[in-house]
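Notes to accompany the following structure.
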Amino acid sequence: MGFARPYRLALWGSIILALGAQLFELAVPWLTGDVIDEAIQPKDTAKLKTLILLMLGAAIMRFVLMTIRRLVSGSMAVSIEYDLRNLVYAHLQRLSFGFFDHNQTGQLMSRATADVGTVRIFLSYGLLFFTQYIITIVGVLVVLVITDPVLSLVAVAVTPLIVWTALRYSRRSHPILTQAQQTLADVTTQAEESVVGVRVVKAFGQEDRETARFRDHSERVFAVNIRANALRALYVPLLAFVPGLAVAAVLAVGGWMVIEGQVTLGDFVRFNLLLGMLVLPLRALGMWVGQAQRAVASGVRVLELLDLESEIVDAPHARALPDDGGGAIRFEGVRFGYDPDRPIVCDVDLDVPAGSTIALIGPTGCGKTTLTALVPRFYDVTAGRVLVDGVDVRDVSLKALRRGIGVVTEDTFLFSATVRDNIAFGAPWATDDDVHAAAERAQAAEFIASLPDGFATQIGERGLTLSGGQRQRIAIARALLVDPRILILDDATAAVDATTEAKIKRALQEVMRGRTTIIIAHRLSTISLAERVIVMDQGRIVADGTHDELAESSDLYARIRTHGLLDRTFVDLDGDRYVPPKEGDDAVAAPRQARSRLG
């Protein structure tokens with residue numbers, strides 16, 4: 001109900017308009033009784049004309065009020081849906097990385113679309129109709145009592161049975177409808193994963209398997225909806241049947257009273273017309289009780305999402321980074337784990353002077369990427385602290401902190417927008433000249449110029465219309481455009497060929513000058529950009545020094561260099577070609593199969 005609070009004037013206005021329309025609707029059967037008793041039976045033509053004109057006027061007023069009510073309620077419906085969707089989306093944007101690590105995209109999309117839609121339908125229409133029907137029932141019952149108290153008692157005798165039936169339907173349907181919303185979300189998740197991963201599905205010829213998995217999820221939705229439909233099939237007709245008993249009883253008793261002369265024919269017709277006005281509200285009441293239960297089930301799922309607090313928030317005293325800082329980074333006793341009982345980074349102490357370039361290397365899963373994710377506060381340390389230019393990152397506002405850090409990862413994500421919009425994503429205020437300059441520095445301008453519309457070319461979903469190397473260069477340009485004081489390159493050249501890598505490296509050499517840079521890479525050619533190498537193993541720093549120092553002092557570095565990296569080392573930074581290894585050169589001896597991959 002809180003979602004409708006900003007539109008309470010529209011809601012109350014709609015209710016008042018509905019009440020007015022209902023009063024004019026009640027006037028029609030009331031006047032019908034007068035037509036019979038005061039005009040038709042006495043054969044009074046003048047009275048008949050007057051009453052007919054009054055009935056026509058009441059019908060017109062009802063039409064006008066109902067039209068205005070629908071305009072008001074329709075506007076309110078669109079506004080509530082607009083607010084709900086924006087609220088859910090904005091909240092998703094504020095949640096931390098940890099939340100998305102543990103929640104499926106399809107589940108979130110289901111809450112933001114299907115569940116929001118269900119809540120919106122009830123708040124904008126269901127609640128109004130529910131209120132309107134209650135007003136109708138109460139209003140008709142009052143008029144019925146005024147018309148004939150005895151027949152009114154006969155008519156309302158079935159009311160306890162109607163209430164009992166509605167409450168029982170509500171109790172039985174709620175858990176089933178909640179389950180229906182959850183199973184529908186599972187189907188959405190499965191569909192989203194299959195569409196996003198369609199290339200993997202086709203590459204491994206698993207179309208039939210994925211279709212079978214989707215069918216299994218769909219069958220669960222089918223089974224739950226069949227149960228929900230079975231309940232509706234029983235209770236909705238029952239809620240329609242019970243008022244029919246009241247109509248039959250009134251016809252029997254009222255007909256006898258007319259024959260005996262205790263009630264006039266006009267009053268009897270009036271009473272039955274009014275009683276007929278109860279049938280639709282009572283039948284619809286059952287439907288909207290079910291809709292209310294579905295809305296409650298969806299509302300719980302939406303509120304569960306909105307009630308979640310981000311783990312990463314600004315401190316009350318958060319401030320900007322020092323203006324005169326050069327991007328110095330310091331890790332002091334840093335410990336972190338996605339699961340607190342299983343730390344991935346253990347007791348790391350590391351100084352990265354402003355303007356320096358370091359390379360982090362080590363076996364897969366040793367904590368390199370996780371350590372760098374602590375600098376822009378994608379996650380908070382569980383122990384120790386991370387400082388940028390002497391300030392604990394937890395004391396810096398998230399916007400200011402992340403504005404000063406550029407991140408380029410191997411898994412590049414591009415939006416379904418133009419090339420220009422993707423490059424300027426972090427700096428939407430950038431001019432075309434700024435965007436073009438960033439593309440030049442990332443060695444992307446040449447291939448962008450060859451695209452159909454240049455920088456105005458629309459990129460397909462997730463950038464899949466571009467090659468991996470092209471996506472990577474656009475991502476590098478995107479990071480460079482914000483002019484960060486700290487640059488984190490997480491295997492940023494992994495998706496490009498050696499020639500492109502050589503071009504990007506020349507660009508990076510210029511960009512990294514005077515800028516603090518952390519490089520995570522598995523190619524010695526990329527690591528060679530750093531003047532200092534940090535070797536990690538099992539979440540700890542096990543070696544620190546220059547390439548030459550580590551080659552002599554670190555067995556792990558030597559093993560990595562010998563077995564893991566030599567197939568990528570032969571790049572001439574002064575040209576755009578590979579330098580093949582020389583036979584018999586122990587320092588660069590690479591496995592024969594590695595050389596064959598170099599072409």
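Letters for chains follow the order of the structure tokens (A, B, ...), residue numbers begin at 1 for each chain, and ligand numbers begin at 1 in the order shown.
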Close residues, Tyr82 in chain A itself excluded, 10 Å, only C-alpha atoms, min 6 positions apart in chain, as a ChimeraX atom specification: /A:76,116,120
For Leu177 in chain A: contacts at 9 Å, only C-alpha atoms, fewer than 4 positions along chain excluded, given as a ChimeraX atom specification: /A:173,181-182,224-225,228,290,293-294,297-298
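Within 12 Å of Leu303 in chain A, once only C-alpha atoms are used and residues closer than 5 positions along the same chain are dropped, the contacting residues are Met1, Gly2, Phe3, Leu84, Leu87, Val88, His91, Arg111, Ala112, Asp115, Val116, Val119, Ala295, Val296, Ala297, Ser298, Leu308 and Glu309 of chain A.
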Rank A:Gly355, A:Gly365, A:Pro237, A:Gly406 by their smallest atom-to-atom distance to Arg513 in chain A, using only C-alpha atoms, and report the top residue only. A:Gly355
Which residues of range 153-254 of chain A come within 8 Å of range 272-281 of chain A, and for each one, what is the closest pair of atoms and their distance in Å to one decimal, counting only C-alpha atoms, sorted by chain and residue number, as a Markdown table?
```
| residue | atom | partner | partner_atom | distance |
| --- | --- | --- | --- | --- |
| A:Ala155 | CA | A:Leu275 | CA | 7.9 |
| A:Ala240 | CA | A:Val279 | CA | 7.2 |
| A:Pro243 | CA | A:Val279 | CA | 6.3 |
| A:Gly244 | CA | A:Val279 | CA | 7.8 |
| A:Val247 | CA | A:Leu275 | CA | 7.2 |
| A:Val250 | CA | A:Asn272 | CA | 7.8 |
| A:Leu251 | CA | A:Asn272 | CA | 7.9 |
```
Would you write out those residues with C-alpha atoms, as a PDB file, in the first residue's frame?
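As written to disk, again_16.pdb reads:
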```pdb
ATOM      1  CA  ALA A 155     -31.270 -11.811   0.630  1.00  0.00           C
ATOM      2  CA  ALA A 240     -21.212 -16.920  -8.108  1.00  0.00           C
ATOM      3  CA  PRO A 243     -25.759 -15.236  -4.574  1.00  0.00           C
ATOM      4  CA  GLY A 244     -27.964 -17.150  -6.996  1.00  0.00           C
ATOM      5  CA  VAL A 247     -32.024 -14.454  -5.837  1.00  0.00           C
ATOM      6  CA  VAL A 250     -36.150 -13.559  -2.932  1.00  0.00           C
ATOM      7  CA  LEU A 251     -38.186 -14.510  -6.018  1.00  0.00           C
TER       8      LEU A 251
END
```
Polymer residues at most 12 Å from range 431-446 of chain A, only C-alpha atoms, same-chain spacing of 5 or more positions, as a PyMOL selection string: chain A and resi 408+419-426+451+454-456+466+469-483+492-493+496+499-512
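The two atoms in question, CA of Trp256 in chain A and CA of Leu238 in chain A, are spaced 27.6 Å apart.
Closest approach to Ile519 in chain A among A:Thr457, A:Thr372, A:Ser450, A:Thr364 is made by A:Thr372 (distances from only C-alpha atoms).
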Mind giving me the straight-line distance from CA of Gln179 in chain A to CA of Ile134 in chain A in Å, one decimal? 29.0 Å
Distance in Å - CA of Ile36 in chain A versus CA of Leu51 in chain A: 10.3 Å
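Closest to Lys47 in chain A among A:Val150, A:Leu31, A:Leu285, A:Val542 is A:Leu31, based on only C-alpha atoms.
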Name the residues of range 405-532 of chain A that come out as alpha helix (DSSP H) in a backbone DSSP run; write them as number ranges by chain. A: 419-423, 432-441, 445-449, 468-481, 498-512, 524-527
May I have the residues from that selection written out with C-alpha atoms, as a CSV table (one decimal), in the first residue's frame?
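Listing of again.csv after writing:
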```csv
chain,number,residue,atom,x,y,z
A,419,VAL,CA,30.7,3.0,-30.1
A,420,ARG,CA,30.9,6.6,-28.9
A,421,ASP,CA,28.5,6.0,-26.1
A,422,ASN,CA,30.4,3.0,-24.9
A,423,ILE,CA,33.7,4.9,-24.8
A,432,ASP,CA,33.8,14.1,-29.5
A,433,ASP,CA,37.4,15.2,-29.6
A,434,ASP,CA,38.0,13.7,-26.2
A,435,VAL,CA,36.4,10.4,-27.3
A,436,HIS,CA,38.4,10.3,-30.5
A,437,ALA,CA,41.7,11.0,-28.6
A,438,ALA,CA,40.9,8.1,-26.1
A,439,ALA,CA,40.3,5.8,-29.1
A,440,GLU,CA,43.6,6.9,-30.7
A,441,ARG,CA,45.5,6.2,-27.5
A,445,ALA,CA,40.5,4.6,-34.0
A,446,GLU,CA,41.7,2.7,-37.1
A,447,PHE,CA,39.2,-0.1,-36.8
A,448,ILE,CA,36.4,2.2,-35.6
A,449,ALA,CA,36.9,4.3,-38.8
A,468,GLY,CA,37.4,-9.8,-28.9
A,469,GLY,CA,40.3,-7.5,-29.6
A,470,GLN,CA,38.0,-4.7,-30.8
A,471,ARG,CA,35.9,-5.0,-27.7
A,472,GLN,CA,39.1,-4.9,-25.6
A,473,ARG,CA,40.4,-1.7,-27.2
A,474,ILE,CA,37.0,0.0,-26.8
A,475,ALA,CA,37.1,-1.0,-23.1
A,476,ILE,CA,40.7,0.4,-22.7
A,477,ALA,CA,39.5,3.7,-24.4
A,478,ARG,CA,36.6,3.8,-22.0
A,479,ALA,CA,39.0,3.5,-19.0
A,480,LEU,CA,41.4,6.1,-20.4
A,481,LEU,CA,38.7,8.7,-21.1
A,498,ALA,CA,50.2,-10.3,-30.8
A,499,THR,CA,50.2,-7.5,-33.4
A,500,THR,CA,47.3,-5.7,-31.7
A,501,GLU,CA,48.9,-6.3,-28.3
A,502,ALA,CA,52.0,-4.6,-29.5
A,503,LYS,CA,50.0,-1.5,-30.6
A,504,ILE,CA,48.1,-1.5,-27.3
A,505,LYS,CA,51.3,-1.8,-25.3
A,506,ARG,CA,52.8,1.2,-27.0
A,507,ALA,CA,49.6,3.1,-26.1
A,508,LEU,CA,49.7,1.9,-22.6
A,509,GLN,CA,53.3,2.9,-22.2
A,510,GLU,CA,52.2,6.5,-22.9
A,511,VAL,CA,49.1,6.2,-20.7
A,512,MET,CA,50.8,4.7,-17.7
A,524,LEU,CA,55.5,-11.9,-20.1
A,525,SER,CA,55.3,-9.4,-23.0
A,526,THR,CA,52.6,-7.5,-21.0
A,527,ILE,CA,54.2,-8.0,-17.7
```
Just want the 8 Å neighbourhood of range 380-390 of chain A, counted on only C-alpha atoms, with same-chain residues fewer than 5 positions away dropped. Output as a ChimeraX atom specification. /A:312,321-322,325-337,340,347,354,374-375
Using only C-alpha atoms, the shortest atom-to-atom distance to Ile358 in chain A among A:Arg532, A:Arg515, A:Arg270, A:His317 belongs to A:Arg532
